[in-house]
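Colleague: File name coords_38.pdb; file contents PDB, C-alpha atoms, pLDDT in the B column; full text below.
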```pdb
ATOM      1  CA  MET L   1      18.549 -64.461  54.065  1.00 51.00           C
ATOM      2  CA  ARG L   2      14.972 -64.573  55.380  1.00 71.00           C
ATOM      3  CA  TYR L   3      14.555 -60.819  55.138  1.00 78.00           C
ATOM      4  CA  ASN L   4      15.797 -60.939  51.550  1.00 84.00           C
ATOM      5  CA  ILE L   5      13.030 -63.377  50.651  1.00 87.00           C
ATOM      6  CA  TRP L   6      10.364 -61.241  52.318  1.00 87.00           C
ATOM      7  CA  ARG L   7      11.694 -58.017  50.787  1.00 91.00           C
ATOM      8  CA  SER L   8      11.909 -59.518  47.301  1.00 94.00           C
ATOM      9  CA  CYS L   9       8.282 -60.545  47.655  1.00 94.00           C
ATOM     10  CA  TYR L  10       7.221 -57.151  48.995  1.00 95.00           C
ATOM     11  CA  ASN L  11       9.031 -55.323  46.178  1.00 96.00           C
ATOM     12  CA  GLY L  12       7.157 -57.354  43.544  1.00 96.00           C
ATOM     13  CA  TYR L  13      10.036 -59.441  42.206  1.00 96.00           C
ATOM     14  CA  GLU L  14       8.431 -62.839  42.813  1.00 95.00           C
ATOM     15  CA  VAL L  15       6.016 -62.817  39.900  1.00 95.00           C
ATOM     16  CA  TRP L  16       6.372 -66.608  39.683  1.00 95.00           C
ATOM     17  CA  LEU L  17       3.899 -66.722  42.579  1.00 95.00           C
ATOM     18  CA  ASN L  18       1.167 -66.140  39.976  1.00 95.00           C
ATOM     19  CA  ASN L  19       2.126 -69.361  38.154  1.00 94.00           C
ATOM     20  CA  GLY L  20       1.086 -71.858  40.814  1.00 89.00           C
ATOM     21  CA  PRO L  21      -1.622 -72.440  43.379  1.00 91.00           C
ATOM     22  CA  ARG L  22      -2.684 -69.178  44.998  1.00 93.00           C
ATOM     23  CA  GLY L  23      -5.675 -67.694  46.740  1.00 95.00           C
ATOM     24  CA  ARG L  24      -5.455 -64.371  44.879  1.00 96.00           C
ATOM     25  CA  PRO L  25      -3.180 -62.663  42.337  1.00 96.00           C
ATOM     26  CA  TYR L  26       0.296 -61.754  43.583  1.00 96.00           C
ATOM     27  CA  HIS L  27       1.291 -58.086  43.629  1.00 96.00           C
ATOM     28  CA  ALA L  28       3.929 -55.883  45.225  1.00 96.00           C
ATOM     29  CA  GLY L  29       3.348 -54.124  48.520  1.00 96.00           C
ATOM     30  CA  ASP L  30       1.338 -56.795  50.340  1.00 96.00           C
ATOM     31  CA  ALA L  31       3.236 -57.209  53.624  1.00 95.00           C
ATOM     32  CA  TRP L  32       0.886 -59.860  55.025  1.00 95.00           C
ATOM     33  CA  GLY L  33       0.849 -61.820  51.789  1.00 96.00           C
ATOM     34  CA  CYS L  34       4.647 -61.903  51.923  1.00 95.00           C
ATOM     35  CA  VAL L  35       4.532 -63.162  55.513  1.00 93.00           C
ATOM     36  CA  GLY L  36       2.362 -66.038  54.312  1.00 94.00           C
ATOM     37  CA  ARG L  37       4.653 -66.642  51.328  1.00 94.00           C
ATOM     38  CA  TRP L  38       7.658 -66.766  53.672  1.00 90.00           C
ATOM     39  CA  PHE L  39       5.992 -69.547  55.656  1.00 91.00           C
ATOM     40  CA  ALA L  40       4.180 -71.530  52.944  1.00 92.00           C
ATOM     41  CA  GLY L  41       6.128 -70.696  49.792  1.00 92.00           C
ATOM     42  CA  LYS L  42       2.874 -69.893  48.014  1.00 94.00           C
ATOM     43  CA  TRP L  43       0.568 -66.884  47.772  1.00 96.00           C
ATOM     44  CA  TYR L  44      -2.526 -66.864  50.016  1.00 97.00           C
ATOM     45  CA  THR L  45      -2.935 -70.631  50.036  1.00 96.00           C
ATOM     46  CA  PRO L  46      -4.709 -72.099  53.092  1.00 96.00           C
ATOM     47  CA  ALA L  47      -1.360 -72.732  54.822  1.00 95.00           C
ATOM     48  CA  ALA L  48      -0.208 -69.167  54.144  1.00 95.00           C
ATOM     49  CA  VAL L  49      -3.490 -67.662  55.353  1.00 96.00           C
ATOM     50  CA  GLY L  50      -3.397 -69.803  58.502  1.00 96.00           C
ATOM     51  CA  TYR L  51       0.100 -68.558  59.304  1.00 95.00           C
ATOM     52  CA  ILE L  52      -0.891 -64.930  58.627  1.00 95.00           C
ATOM     53  CA  ARG L  53      -3.817 -65.296  61.040  1.00 96.00           C
ATOM     54  CA  ARG L  54      -1.563 -66.768  63.727  1.00 94.00           C
ATOM     55  CA  VAL L  55       0.910 -63.907  63.413  1.00 93.00           C
ATOM     56  CA  GLU L  56      -1.924 -61.361  63.555  1.00 95.00           C
ATOM     57  CA  GLN L  57      -3.282 -63.060  66.677  1.00 94.00           C
ATOM     58  CA  PHE L  58       0.146 -63.090  68.318  1.00 91.00           C
ATOM     59  CA  LEU L  59       0.469 -59.368  67.587  1.00 93.00           C
ATOM     60  CA  ARG L  60      -2.923 -58.668  69.173  1.00 94.00           C
ATOM     61  CA  GLU L  61      -1.964 -60.749  72.216  1.00 92.00           C
ATOM     62  CA  ARG L  62       1.466 -59.071  72.487  1.00 92.00           C
ATOM     63  CA  ILE L  63       3.063 -62.448  73.150  1.00 90.00           C
ATOM     64  CA  TRP L  64       6.553 -60.970  73.253  1.00 86.00           C
ATOM     65  CA  THR L  65       5.657 -59.494  76.656  1.00 88.00           C
ATOM     66  CA  ARG L  66       5.004 -62.914  78.213  1.00 87.00           C
ATOM     67  CA  PRO L  67       7.576 -64.738  80.313  1.00 85.00           C
ATOM     68  CA  GLY L  68       9.343 -67.428  78.325  1.00 80.00           C
ATOM     69  CA  PHE L  69       8.624 -65.933  74.910  1.00 81.00           C
ATOM     70  CA  ALA L  70      11.053 -67.288  72.294  1.00 73.00           C
ATOM     71  CA  ARG L  71      12.970 -69.359  74.823  1.00 68.00           C
ATOM     72  CA  PRO L  72      15.163 -72.125  73.397  1.00 65.00           C
ATOM     73  CA  GLY L  73      13.388 -75.383  72.695  1.00 64.00           C
ATOM     74  CA  PRO L  74      11.843 -77.404  69.894  1.00 63.00           C
ATOM     75  CA  VAL L  75      10.396 -75.350  67.067  1.00 59.00           C
ATOM     76  CA  VAL L  76       6.857 -76.284  66.067  1.00 61.00           C
ATOM     77  CA  PRO L  77       5.485 -74.621  62.897  1.00 59.00           C
ATOM     78  CA  GLY L  78       2.756 -72.097  63.566  1.00 56.00           C
ATOM     79  CA  THR L  79       3.645 -71.545  67.212  1.00 57.00           C
ATOM     80  CA  ALA L  80       5.079 -68.519  68.949  1.00 52.00           C
ATOM     81  CA  ALA L  81       8.620 -69.820  68.390  1.00 51.00           C
ATOM     82  CA  THR L  82       8.210 -69.620  64.617  1.00 52.00           C
ATOM     83  CA  VAL L  83       6.509 -66.239  64.799  1.00 54.00           C
ATOM     84  CA  ALA L  84       9.187 -64.674  67.014  1.00 50.00           C
ATOM     85  CA  PRO L  85      11.181 -63.592  63.938  1.00 51.00           C
ATOM     86  CA  LEU L  86       8.218 -61.545  62.768  1.00 54.00           C
ATOM     87  CA  VAL L  87       7.124 -59.531  65.781  1.00 50.00           C
ATOM     88  CA  GLN L  88       8.879 -56.955  67.866  1.00 46.00           C
ATOM     89  CA  ALA L  89       7.363 -54.222  70.007  1.00 44.00           C
ATOM     90  CA  GLY L  90       3.959 -54.643  68.394  1.00 47.00           C
ATOM     91  CA  ARG L  91       5.015 -54.239  64.790  1.00 53.00           C
ATOM     92  CA  LEU L  92       5.744 -56.599  61.954  1.00 57.00           C
ATOM     93  CA  ILE L  93       9.418 -57.187  61.210  1.00 51.00           C
ATOM     94  CA  ALA L  94      11.405 -59.910  59.480  1.00 46.00           C
ATOM     95  CA  GLY L  95      14.812 -61.462  59.839  1.00 43.00           C
ATOM     96  CA  HIS L  96      15.255 -61.306  63.609  1.00 39.00           C
ATOM     97  CA  ARG L  97      15.287 -64.197  66.073  1.00 39.00           C
ATOM     98  CA  ASP L  98      14.628 -62.263  69.257  1.00 37.00           C
ATOM     99  CA  GLY L  99      13.358 -58.949  70.556  1.00 39.00           C
ATOM    100  CA  ARG L 100      16.872 -57.502  70.701  1.00 37.00           C
ATOM    101  CA  GLY L 101      17.276 -57.721  66.921  1.00 40.00           C
ATOM    102  CA  GLN L 102      19.906 -60.451  67.194  1.00 38.00           C
ATOM    103  CA  ARG L 103      20.233 -62.920  64.355  1.00 36.00           C
TER     104      ARG L 103
END
```
What is this file in structure tokens?
Modeller:
Amino acid sequence: MRYNIWRSCYNGYEVWLNNGPRGRPYHAGDAWGCVGRWFAGKWYTPAAVGYIRRVEQFLRERIWTRPGFARPGPVVPGTAATVAPLVQAGRLIAGHRDGRGQR
């Protein structure tokens, strides 16, 4: 289900994002904008931008290579545990809970 939301956004089907609060106009093909929409439900709002920046930082830091990455425990928004579905082997993905592609 999560990938469907991201893909619908990326393909340009969520034009309703232009009807509410947003930091810029919605358009198809913006992978990072859709990552922020997945988290915040809005297009480039401060919450969405903050989440995008965290994911970008986690990609730069290659957090999936650290011991204990995505281990079971409480999920805190904006932490590595909530970003785990979006990173794998240094590239942006969606819809996976761990580095093995398991749902």
Colleague: Which is closest to L:Gly41 among L:Thr65, L:Leu17, L:Tyr10, L:Pro25, if we use all atoms listed in the file?
Modeller: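 Among the listed residues, the smallest separation from L:Gly41 belongs to L:Leu17.
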Colleague: Which one is closest to L:Ala31: L:Asn19, L:Asn4, L:Asn11, L:Gln57? Count only C-alpha atoms.
Modeller: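 Of the candidates, the smallest distance to L:Ala31 is held by L:Asn11.
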Colleague: Run the PyMOL selection byres ((chain L and resi 42-54) around 7) mentally over the shown coordinates, then write out the matched residues as a PDB file with C-alpha atoms, in the frame of the given file, using the chain letters and numbers from the document.
Modeller:
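Output file part_2.pdb is given in full below:
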```pdb
ATOM      1  CA  LEU L  17       3.899 -66.722  42.579  1.00 95.00           C
ATOM      2  CA  PRO L  21      -1.622 -72.440  43.379  1.00 91.00           C
ATOM      3  CA  ARG L  22      -2.684 -69.178  44.998  1.00 93.00           C
ATOM      4  CA  GLY L  23      -5.675 -67.694  46.740  1.00 95.00           C
ATOM      5  CA  ARG L  24      -5.455 -64.371  44.879  1.00 96.00           C
ATOM      6  CA  TYR L  26       0.296 -61.754  43.583  1.00 96.00           C
ATOM      7  CA  TRP L  32       0.886 -59.860  55.025  1.00 95.00           C
ATOM      8  CA  GLY L  33       0.849 -61.820  51.789  1.00 96.00           C
ATOM      9  CA  VAL L  35       4.532 -63.162  55.513  1.00 93.00           C
ATOM     10  CA  GLY L  36       2.362 -66.038  54.312  1.00 94.00           C
ATOM     11  CA  ARG L  37       4.653 -66.642  51.328  1.00 94.00           C
ATOM     12  CA  PHE L  39       5.992 -69.547  55.656  1.00 91.00           C
ATOM     13  CA  ALA L  40       4.180 -71.530  52.944  1.00 92.00           C
ATOM     14  CA  GLY L  41       6.128 -70.696  49.792  1.00 92.00           C
ATOM     15  CA  VAL L  55       0.910 -63.907  63.413  1.00 93.00           C
ATOM     16  CA  GLU L  56      -1.924 -61.361  63.555  1.00 95.00           C
ATOM     17  CA  GLN L  57      -3.282 -63.060  66.677  1.00 94.00           C
ATOM     18  CA  PHE L  58       0.146 -63.090  68.318  1.00 91.00           C
ATOM     19  CA  GLY L  78       2.756 -72.097  63.566  1.00 56.00           C
TER      20      GLY L  78
END
```
Colleague: Just to confirm, what's the straight-line distance from atom CA of L:Gly12 to atom CA of L:Trp38 in Å (one decimal)?
Modeller: 13.8 Å
Colleague: What gap, in Å, lies between atom CA of L:Asp30 and atom CA of L:Leu59?
Modeller: 17.5 Å
Colleague: Please compute the atom CA of L:Gly29-atom CA of L:Ile5 distance, one decimal, in Å.
Modeller: 13.6 Å
